[in-house]
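Here is the file structure.cif (mmCIF, C-alpha atoms).
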```cif
data_final
#
loop_
_atom_site.group_PDB
_atom_site.id
_atom_site.type_symbol
_atom_site.label_atom_id
_atom_site.label_comp_id
_atom_site.auth_asym_id
_atom_site.auth_seq_id
_atom_site.Cartn_x
_atom_site.Cartn_y
_atom_site.Cartn_z
ATOM 1 C CA ASP Q 1 0.000 0.000 0.000
ATOM 2 C CA GLN Q 2 1.900 3.028 -1.248
ATOM 3 C CA ASP Q 3 0.053 5.427 1.095
ATOM 4 C CA THR Q 4 1.328 3.646 4.225
ATOM 5 C CA GLY Q 5 4.388 5.130 5.908
ATOM 6 C CA GLY Q 6 6.903 3.793 8.406
ATOM 7 C CA LEU Q 7 9.200 0.807 8.120
ATOM 8 C CA MET Q 8 10.042 -0.583 4.697
ATOM 9 C CA LEU Q 9 12.093 -3.696 4.003
ATOM 10 C CA VAL Q 10 14.117 -3.580 0.776
ATOM 11 C CA ALA Q 11 15.821 -6.679 -0.619
ATOM 12 C CA LYS Q 12 19.131 -6.218 -2.427
ATOM 13 C CA LYS Q 13 19.616 -9.859 -3.396
ATOM 14 C CA ALA Q 14 17.346 -12.499 -4.911
ATOM 15 C CA ASP Q 15 18.409 -14.996 -2.234
ATOM 16 C CA PHE Q 16 16.848 -12.803 0.452
ATOM 17 C CA VAL Q 17 13.584 -12.653 -1.483
ATOM 18 C CA ARG Q 18 13.551 -16.455 -1.667
ATOM 19 C CA LYS Q 19 14.163 -16.786 2.069
ATOM 20 C CA TRP Q 20 11.597 -14.087 2.878
ATOM 21 C CA SER Q 21 8.862 -16.032 1.081
ATOM 22 C CA GLN Q 22 9.472 -18.867 3.556
ATOM 23 C CA THR Q 23 9.675 -16.652 6.641
ATOM 24 C CA THR Q 24 7.011 -16.012 9.273
ATOM 25 C CA SER Q 25 7.038 -12.416 10.475
ATOM 26 C CA ILE Q 26 5.302 -10.239 13.054
ATOM 27 C CA LYS Q 27 3.954 -7.000 11.578
ATOM 28 C CA ARG Q 28 2.486 -4.226 13.714
ATOM 29 C CA TYR Q 29 0.973 -0.963 12.584
ATOM 30 C CA GLN Q 30 0.059 2.316 14.209
ATOM 31 C CA ALA Q 31 -2.903 4.394 13.019
ATOM 32 C CA LEU Q 32 -4.807 7.518 13.891
ATOM 33 C CA VAL Q 33 -8.540 6.971 13.368
ATOM 34 C CA ALA Q 34 -11.509 9.330 13.160
ATOM 35 C CA PRO Q 35 -14.617 7.664 14.655
ATOM 36 C CA SER Q 36 -17.860 8.626 12.900
ATOM 37 C CA ASN Q 37 -19.712 8.708 16.246
ATOM 38 C CA SER Q 38 -19.333 7.776 19.918
ATOM 39 C CA SER Q 39 -20.752 4.268 19.362
ATOM 40 C CA SER Q 40 -18.071 3.490 16.796
ATOM 41 C CA ALA Q 41 -15.402 4.815 19.147
ATOM 42 C CA GLU Q 42 -16.656 2.619 21.985
ATOM 43 C CA ARG Q 43 -16.773 -0.431 19.724
ATOM 44 C CA LEU Q 44 -13.122 0.015 18.804
ATOM 45 C CA LYS Q 45 -12.144 0.536 22.448
ATOM 46 C CA SER Q 46 -13.968 -2.669 23.397
ATOM 47 C CA LEU Q 47 -11.824 -4.610 20.905
ATOM 48 C CA ALA Q 48 -8.561 -3.715 22.655
ATOM 49 C CA GLY Q 49 -6.667 -6.892 23.472
ATOM 50 C CA SER Q 50 -8.763 -9.061 21.175
ATOM 51 C CA VAL Q 51 -8.952 -10.205 17.558
ATOM 52 C CA MET Q 52 -10.922 -8.090 15.073
ATOM 53 C CA THR Q 53 -12.464 -10.291 12.358
ATOM 54 C CA HIS Q 54 -14.115 -9.319 9.077
ATOM 55 C CA TRP Q 55 -14.763 -10.859 5.695
ATOM 56 C CA ARG Q 56 -13.736 -9.156 2.451
ATOM 57 C CA SER Q 57 -15.686 -9.514 -0.762
ATOM 58 C CA PRO Q 58 -13.826 -10.094 -4.046
ATOM 59 C CA ILE Q 59 -15.479 -7.038 -5.602
ATOM 60 C CA GLY Q 60 -16.576 -3.628 -4.397
ATOM 61 C CA PRO Q 61 -14.986 -0.233 -3.856
ATOM 62 C CA PRO Q 62 -12.070 0.020 -3.852
ATOM 63 C CA LYS Q 63 -10.465 -3.306 -2.894
ATOM 64 C CA GLY Q 64 -13.525 -5.234 -1.744
ATOM 65 C CA LEU Q 65 -16.250 -4.657 0.807
ATOM 66 C CA PHE Q 66 -15.478 -5.542 4.444
ATOM 67 C CA GLN Q 67 -18.294 -7.020 6.556
ATOM 68 C CA ASP Q 68 -18.669 -8.800 9.903
ATOM 69 C CA LEU Q 69 -19.961 -11.913 8.125
ATOM 70 C CA PRO Q 70 -20.164 -12.961 4.467
ATOM 71 C CA PRO Q 71 -23.586 -13.442 2.838
ATOM 72 C CA PRO Q 72 -25.034 -16.940 3.461
ATOM 73 C CA ASP Q 73 -24.837 -17.772 -0.240
ATOM 74 C CA ALA Q 74 -21.305 -16.410 -0.748
ATOM 75 C CA PRO Q 75 -18.868 -18.902 -2.320
ATOM 76 C CA ARG Q 76 -16.060 -20.062 0.000
ATOM 77 C CA THR Q 77 -13.622 -21.094 -2.738
ATOM 78 C CA GLY Q 78 -12.477 -19.664 -6.041
ATOM 79 C CA LYS Q 79 -11.902 -16.130 -7.265
ATOM 80 C CA LEU Q 80 -15.342 -14.954 -6.115
ATOM 81 C CA SER Q 81 -14.978 -16.258 -2.558
ATOM 82 C CA TRP Q 82 -15.009 -14.021 0.496
ATOM 83 C CA LYS Q 83 -11.707 -13.932 2.415
ATOM 84 C CA GLN Q 84 -11.415 -13.796 6.192
ATOM 85 C CA CYS Q 85 -9.425 -10.863 7.583
ATOM 86 C CA GLN Q 86 -8.065 -10.907 11.130
ATOM 87 C CA SER Q 87 -6.052 -8.363 13.110
ATOM 88 C CA ILE Q 88 -5.153 -8.092 16.786
ATOM 89 C CA VAL Q 89 -6.104 -4.764 18.355
ATOM 90 C CA LEU Q 90 -3.158 -4.301 20.710
ATOM 91 C CA SER Q 91 -4.116 -0.931 22.188
ATOM 92 C CA VAL Q 92 -6.536 1.979 21.766
ATOM 93 C CA ARG Q 93 -6.191 5.410 23.361
ATOM 94 C CA GLU Q 94 -7.417 8.940 22.832
ATOM 95 C CA TYR Q 95 -4.943 10.925 20.802
ATOM 96 C CA SER Q 96 -3.240 13.757 22.668
ATOM 97 C CA GLY Q 97 -0.510 14.870 20.279
ATOM 98 C CA ASP Q 98 0.270 18.445 19.305
ATOM 99 C CA SER Q 99 0.017 18.158 15.520
ATOM 100 C CA TYR Q 100 -3.476 16.651 15.276
ATOM 101 C CA THR Q 101 -5.256 17.611 18.483
ATOM 102 C CA PRO Q 102 -8.945 16.591 18.634
ATOM 103 C CA ARG Q 103 -9.957 20.238 18.835
ATOM 104 C CA ALA Q 104 -7.984 21.183 15.751
ATOM 105 C CA SER Q 105 -9.167 18.162 13.790
ATOM 106 C CA ARG Q 106 -12.892 18.843 14.157
ATOM 107 C CA ARG Q 107 -14.805 21.040 11.805
ATOM 108 C CA ALA Q 108 -15.384 24.526 13.104
ATOM 109 C CA GLU Q 109 -19.161 24.421 12.746
ATOM 110 C CA LYS Q 110 -21.241 22.826 15.481
ATOM 111 C CA GLN Q 111 -22.555 19.337 14.900
ATOM 112 C CA GLU Q 112 -26.095 18.433 15.821
ATOM 113 C CA GLY Q 113 -26.895 15.175 17.595
ATOM 114 C CA ASP Q 114 -24.010 12.897 18.489
ATOM 115 C CA PRO Q 115 -20.951 15.067 19.284
ATOM 116 C CA CYS Q 116 -17.758 14.549 17.340
ATOM 117 C CA PRO Q 117 -15.593 12.077 19.293
ATOM 118 C CA PRO Q 118 -11.851 12.652 19.672
ATOM 119 C CA LEU Q 119 -9.340 10.992 17.401
ATOM 120 C CA LEU Q 120 -8.070 7.621 18.588
ATOM 121 C CA GLU Q 121 -4.584 6.189 18.242
ATOM 122 C CA VAL Q 122 -4.603 2.430 17.718
ATOM 123 C CA GLU Q 123 -1.901 -0.212 17.427
ATOM 124 C CA LEU Q 124 -2.649 -3.400 15.492
ATOM 125 C CA GLU Q 125 -0.932 -6.631 14.551
ATOM 126 C CA LEU Q 126 -1.756 -8.484 11.365
ATOM 127 C CA ILE Q 127 -2.817 -12.125 11.480
ATOM 128 C CA THR Q 128 -3.855 -12.303 7.836
ATOM 129 C CA GLY Q 129 -2.448 -9.968 5.219
ATOM 130 C CA ARG Q 130 -5.174 -8.969 2.766
ATOM 131 C CA THR Q 131 -4.910 -5.942 0.518
ATOM 132 C CA HIS Q 132 -6.003 -2.777 2.374
ATOM 133 C CA GLN Q 133 -6.956 -4.982 5.332
ATOM 134 C CA LEU Q 134 -6.453 -2.507 8.182
ATOM 135 C CA ARG Q 135 -8.002 0.342 6.221
ATOM 136 C CA GLY Q 136 -11.061 -1.727 5.344
ATOM 137 C CA GLN Q 137 -11.515 -3.237 8.803
ATOM 138 C CA LEU Q 138 -11.315 0.078 10.633
ATOM 139 C CA GLY Q 139 -13.628 1.670 8.096
ATOM 140 C CA ALA Q 140 -16.127 -1.169 8.538
ATOM 141 C CA ILE Q 141 -16.554 -0.452 12.257
ATOM 142 C CA GLY Q 142 -17.022 3.274 11.668
ATOM 143 C CA CYS Q 143 -13.470 4.267 12.649
ATOM 144 C CA PRO Q 144 -11.735 4.988 9.328
ATOM 145 C CA ILE Q 145 -8.079 5.924 9.371
ATOM 146 C CA TYR Q 146 -7.646 9.680 9.436
ATOM 147 C CA GLY Q 147 -6.838 10.857 5.928
ATOM 148 C CA ASP Q 148 -8.279 7.745 4.226
ATOM 149 C CA MET Q 149 -10.352 9.041 1.345
ATOM 150 C CA LEU Q 150 -11.157 5.530 0.076
ATOM 151 C CA TYR Q 151 -12.722 3.795 3.052
ATOM 152 C CA ALA Q 152 -14.112 6.666 5.126
ATOM 153 C CA ASP Q 153 -16.997 7.352 2.750
ATOM 154 C CA SER Q 154 -17.666 3.669 2.092
ATOM 155 C CA TYR Q 155 -18.991 3.141 5.611
ATOM 156 C CA ASN Q 156 -19.895 6.613 6.866
ATOM 157 C CA ASP Q 157 -22.853 8.316 5.214
ATOM 158 C CA GLU Q 158 -22.750 11.197 7.658
ATOM 159 C CA GLU Q 159 -21.155 14.505 6.762
ATOM 160 C CA ARG Q 160 -17.431 14.325 7.398
ATOM 161 C CA ARG Q 161 -16.783 15.667 10.887
ATOM 162 C CA TYR Q 162 -13.040 16.173 10.648
ATOM 163 C CA VAL Q 163 -10.951 18.491 8.534
ATOM 164 C CA PRO Q 164 -8.955 16.481 5.981
ATOM 165 C CA SER Q 165 -5.531 15.125 6.919
ATOM 166 C CA PRO Q 166 -2.722 15.874 4.445
ATOM 167 C CA GLU Q 167 -1.920 12.155 4.221
ATOM 168 C CA LEU Q 168 -2.977 8.735 5.452
ATOM 169 C CA CYS Q 169 -2.269 8.381 9.184
ATOM 170 C CA LEU Q 170 -1.093 4.774 9.005
ATOM 171 C CA GLN Q 171 2.437 3.522 9.412
ATOM 172 C CA SER Q 172 4.306 0.275 9.808
ATOM 173 C CA LYS Q 173 5.718 0.418 13.333
ATOM 174 C CA TYR Q 174 7.243 -2.971 14.148
ATOM 175 C CA LEU Q 175 8.710 -5.825 12.122
ATOM 176 C CA ALA Q 176 10.241 -8.972 13.597
ATOM 177 C CA PHE Q 177 11.309 -12.173 11.869
ATOM 178 C CA GLU Q 178 13.788 -15.042 11.946
ATOM 179 C CA MET Q 179 15.679 -15.981 8.833
ATOM 180 C CA GLU Q 180 17.908 -18.927 8.086
ATOM 181 C CA ALA Q 181 21.524 -17.948 7.729
ATOM 182 C CA ALA Q 182 24.376 -19.924 6.229
ATOM 183 C CA ALA Q 183 27.587 -20.085 8.270
ATOM 184 C CA THR Q 184 30.778 -21.859 7.312
ATOM 185 C CA ALA Q 185 31.977 -24.712 9.465
ATOM 186 C CA GLU Q 186 35.086 -22.638 10.075
ATOM 187 C CA ASP Q 187 32.927 -20.333 12.178
ATOM 188 C CA GLY Q 188 32.286 -23.279 14.482
ATOM 189 C CA GLY Q 189 35.939 -24.133 14.894
ATOM 190 C CA MET Q 190 36.217 -26.602 11.995
ATOM 191 C CA LYS Q 191 38.868 -26.329 9.303
ATOM 192 C CA ASN Q 192 36.767 -27.333 6.296
ATOM 193 C CA SER Q 193 35.452 -23.971 5.108
ATOM 194 C CA ASP Q 194 33.421 -25.637 2.346
ATOM 195 C CA ALA Q 195 31.050 -27.219 4.886
ATOM 196 C CA LYS Q 196 27.875 -25.340 5.826
ATOM 197 C CA LEU Q 197 26.059 -25.111 9.143
ATOM 198 C CA SER Q 198 22.365 -24.331 9.320
ATOM 199 C CA SER Q 199 21.504 -21.502 11.736
ATOM 200 C CA SER Q 200 18.989 -18.690 12.060
ATOM 201 C CA GLU Q 201 19.158 -15.023 12.955
ATOM 202 C CA SER Q 202 16.496 -12.896 14.617
ATOM 203 C CA PHE Q 203 15.746 -9.403 13.352
ATOM 204 C CA VAL Q 204 13.630 -6.744 15.062
ATOM 205 C CA PHE Q 205 12.930 -3.259 13.689
ATOM 206 C CA GLU Q 206 10.760 -0.751 15.548
ATOM 207 C CA LEU Q 207 9.846 2.931 15.247
ATOM 208 C CA GLN Q 208 9.603 4.768 18.535
ATOM 209 C CA SER Q 209 7.001 7.318 17.449
ATOM 210 C CA ALA Q 210 4.550 8.114 14.675
ATOM 211 C CA TRP Q 211 5.092 10.956 12.221
ATOM 212 C CA TRP Q 212 1.918 12.672 13.468
ATOM 213 C CA ASN Q 213 3.246 12.915 17.044
#
```
Reformat the file's structure so that it appears as structure tokens.
Amino acid sequence: DQDTGGLMLVAKKADFVRKWSQTTSIKRYQALVAPSNSSSAERLKSLAGSVMTHWRSPIGPPKGLFQDLPPPDAPRTGKLSWKQCQSIVLSVREYSGDSYTPRASRRAEKQEGDPCPPLLEVELELITGRTHQLRGQLGAIGCPIYGDMLYADSYNDEERRYVPSPELCLQSKYLAFEMEAAATAEDGGMKNSDAKLSSSESFVFELQSAWWN
């Protein structure tokens, strides 16, 4: 997703790409979301520490429609099947940064009915990795990512209550994985440098703060 910021892993050699395809990784993201109403905000808060599950349709704007459950007659296999999407909601808190304060992010005019809730900062970990998964899931529960012009309007028919963000407030925050590494037997004290020993290395990359803080 080219609109997502944060950590990016770049492979310089084809061998790394081959190993990466066989590697299990932990991917965590940080997002700033704009709840459409207080009920949506409370729903997201209630998911903290649990798994958020949706189903994505194979068609629909822009990368499929995300719903709590697929239609009863939806195919479960093939190109037209609905795909399960799962993410762990690690934490949810009201945003208190200087750049995007809740007061500054609301529209100036007064809103009738349900008051505009504050922005929420959420941290998530992917279980599945569907296209636009986090954007679609958060939009489906009425908490689209701030600055997301694709999924905010798909699930929120109300007038937009926040001034637009200059860019999508979603970034890759944490990446951890183990990868097999080749070491010569000489590294283990043996003289035959042509021999190979199978080992693995652990890698952890983490950003300490989001660009909007």
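Separating atom CA of Q:Ala152 from atom CA of Q:Leu170 is a distance of 13.7 Å.
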Checklist entry - Expanded to explicit residues, what is the PyMOL selection byres ((chain Q and resi 28) around 10) for this file, as a PyMOL selection string? => result chain Q and resi 25-27+29-30+87-90+123-127+171-176+206
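The interatomic distance for the pair atom CA of Q:Thr53 and atom CA of Q:Cys169 works out to 21.5 Å.
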Evaluate the PyMOL selection byres ((chain Q and resi 32) around 8) here and jot the selected residues down as an mmCIF file with C-alpha atoms, in the frame of the given file.
```cif
data_model
loop_
_atom_site.group_PDB
_atom_site.id
_atom_site.type_symbol
_atom_site.label_atom_id
_atom_site.label_comp_id
_atom_site.auth_asym_id
_atom_site.auth_seq_id
_atom_site.Cartn_x
_atom_site.Cartn_y
_atom_site.Cartn_z
ATOM 1 C CA GLN Q 30 0.059 2.316 14.209
ATOM 2 C CA ALA Q 31 -2.903 4.394 13.019
ATOM 3 C CA VAL Q 33 -8.540 6.971 13.368
ATOM 4 C CA ALA Q 34 -11.509 9.330 13.160
ATOM 5 C CA TYR Q 95 -4.943 10.925 20.802
ATOM 6 C CA LEU Q 119 -9.340 10.992 17.401
ATOM 7 C CA LEU Q 120 -8.070 7.621 18.588
ATOM 8 C CA GLU Q 121 -4.584 6.189 18.242
ATOM 9 C CA VAL Q 122 -4.603 2.430 17.718
ATOM 10 C CA ILE Q 145 -8.079 5.924 9.371
ATOM 11 C CA TYR Q 146 -7.646 9.680 9.436
ATOM 12 C CA CYS Q 169 -2.269 8.381 9.184
ATOM 13 C CA LEU Q 170 -1.093 4.774 9.005
#
```
Checklist outcome for this item: atom CA of Q:Glu180 to atom CA of Q:Glu201 measures 6.4 Å
Next on the checklist: Which residues, named as in the file, does the PyMOL selection byres ((chain Q and resi 151) around 12) pick out? Answer as a PyMOL selection string.
Outcome noted: chain Q and resi 33-34+60-66+132-150+152-157+168
Restricting the output to C-alpha atoms, write the selected residues as an mmCIF file, in the coordinates of the input.
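Final file, again_29.cif:
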```cif
data_model
loop_
_atom_site.group_PDB
_atom_site.id
_atom_site.type_symbol
_atom_site.label_atom_id
_atom_site.label_comp_id
_atom_site.auth_asym_id
_atom_site.auth_seq_id
_atom_site.Cartn_x
_atom_site.Cartn_y
_atom_site.Cartn_z
ATOM 1 C CA VAL Q 33 -8.540 6.971 13.368
ATOM 2 C CA ALA Q 34 -11.509 9.330 13.160
ATOM 3 C CA GLY Q 60 -16.576 -3.628 -4.397
ATOM 4 C CA PRO Q 61 -14.986 -0.233 -3.856
ATOM 5 C CA PRO Q 62 -12.070 0.020 -3.852
ATOM 6 C CA LYS Q 63 -10.465 -3.306 -2.894
ATOM 7 C CA GLY Q 64 -13.525 -5.234 -1.744
ATOM 8 C CA LEU Q 65 -16.250 -4.657 0.807
ATOM 9 C CA PHE Q 66 -15.478 -5.542 4.444
ATOM 10 C CA HIS Q 132 -6.003 -2.777 2.374
ATOM 11 C CA GLN Q 133 -6.956 -4.982 5.332
ATOM 12 C CA LEU Q 134 -6.453 -2.507 8.182
ATOM 13 C CA ARG Q 135 -8.002 0.342 6.221
ATOM 14 C CA GLY Q 136 -11.061 -1.727 5.344
ATOM 15 C CA GLN Q 137 -11.515 -3.237 8.803
ATOM 16 C CA LEU Q 138 -11.315 0.078 10.633
ATOM 17 C CA GLY Q 139 -13.628 1.670 8.096
ATOM 18 C CA ALA Q 140 -16.127 -1.169 8.538
ATOM 19 C CA ILE Q 141 -16.554 -0.452 12.257
ATOM 20 C CA GLY Q 142 -17.022 3.274 11.668
ATOM 21 C CA CYS Q 143 -13.470 4.267 12.649
ATOM 22 C CA PRO Q 144 -11.735 4.988 9.328
ATOM 23 C CA ILE Q 145 -8.079 5.924 9.371
ATOM 24 C CA TYR Q 146 -7.646 9.680 9.436
ATOM 25 C CA GLY Q 147 -6.838 10.857 5.928
ATOM 26 C CA ASP Q 148 -8.279 7.745 4.226
ATOM 27 C CA MET Q 149 -10.352 9.041 1.345
ATOM 28 C CA LEU Q 150 -11.157 5.530 0.076
ATOM 29 C CA ALA Q 152 -14.112 6.666 5.126
ATOM 30 C CA ASP Q 153 -16.997 7.352 2.750
ATOM 31 C CA SER Q 154 -17.666 3.669 2.092
ATOM 32 C CA TYR Q 155 -18.991 3.141 5.611
ATOM 33 C CA ASN Q 156 -19.895 6.613 6.866
ATOM 34 C CA ASP Q 157 -22.853 8.316 5.214
ATOM 35 C CA LEU Q 168 -2.977 8.735 5.452
#
```
Checklist entry - Between Q:Arg76, Q:Lys13, Q:Asn37, Q:Gln86, which one has atoms that come closest to Q:Met52, using only C-alpha atoms? => result Q:Gln86
Next on the checklist: Need to verify the contact set: Q:Pro72, 12 Å, all atoms listed in the file, exclusion of same-chain residues closer than 3 positions in sequence. Can you return it as number ranges by chain?
Outcome noted: Q: 69, 75-76, 81-82
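By chain and then residue number, the residues within 12 Å of Q:Gly78 are Ser57, Pro58, Ala74, Trp82 and Lys83 of chain Q, counting all atoms listed in the file and disregarding those fewer than 4 positions away in sequence.
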Item to check | Which of Q:Thr77, Q:Asp68, Q:Leu44, Q:Gly49 sits closest to Q:Glu94 [using only C-alpha atoms] | outcome: Q:Leu44
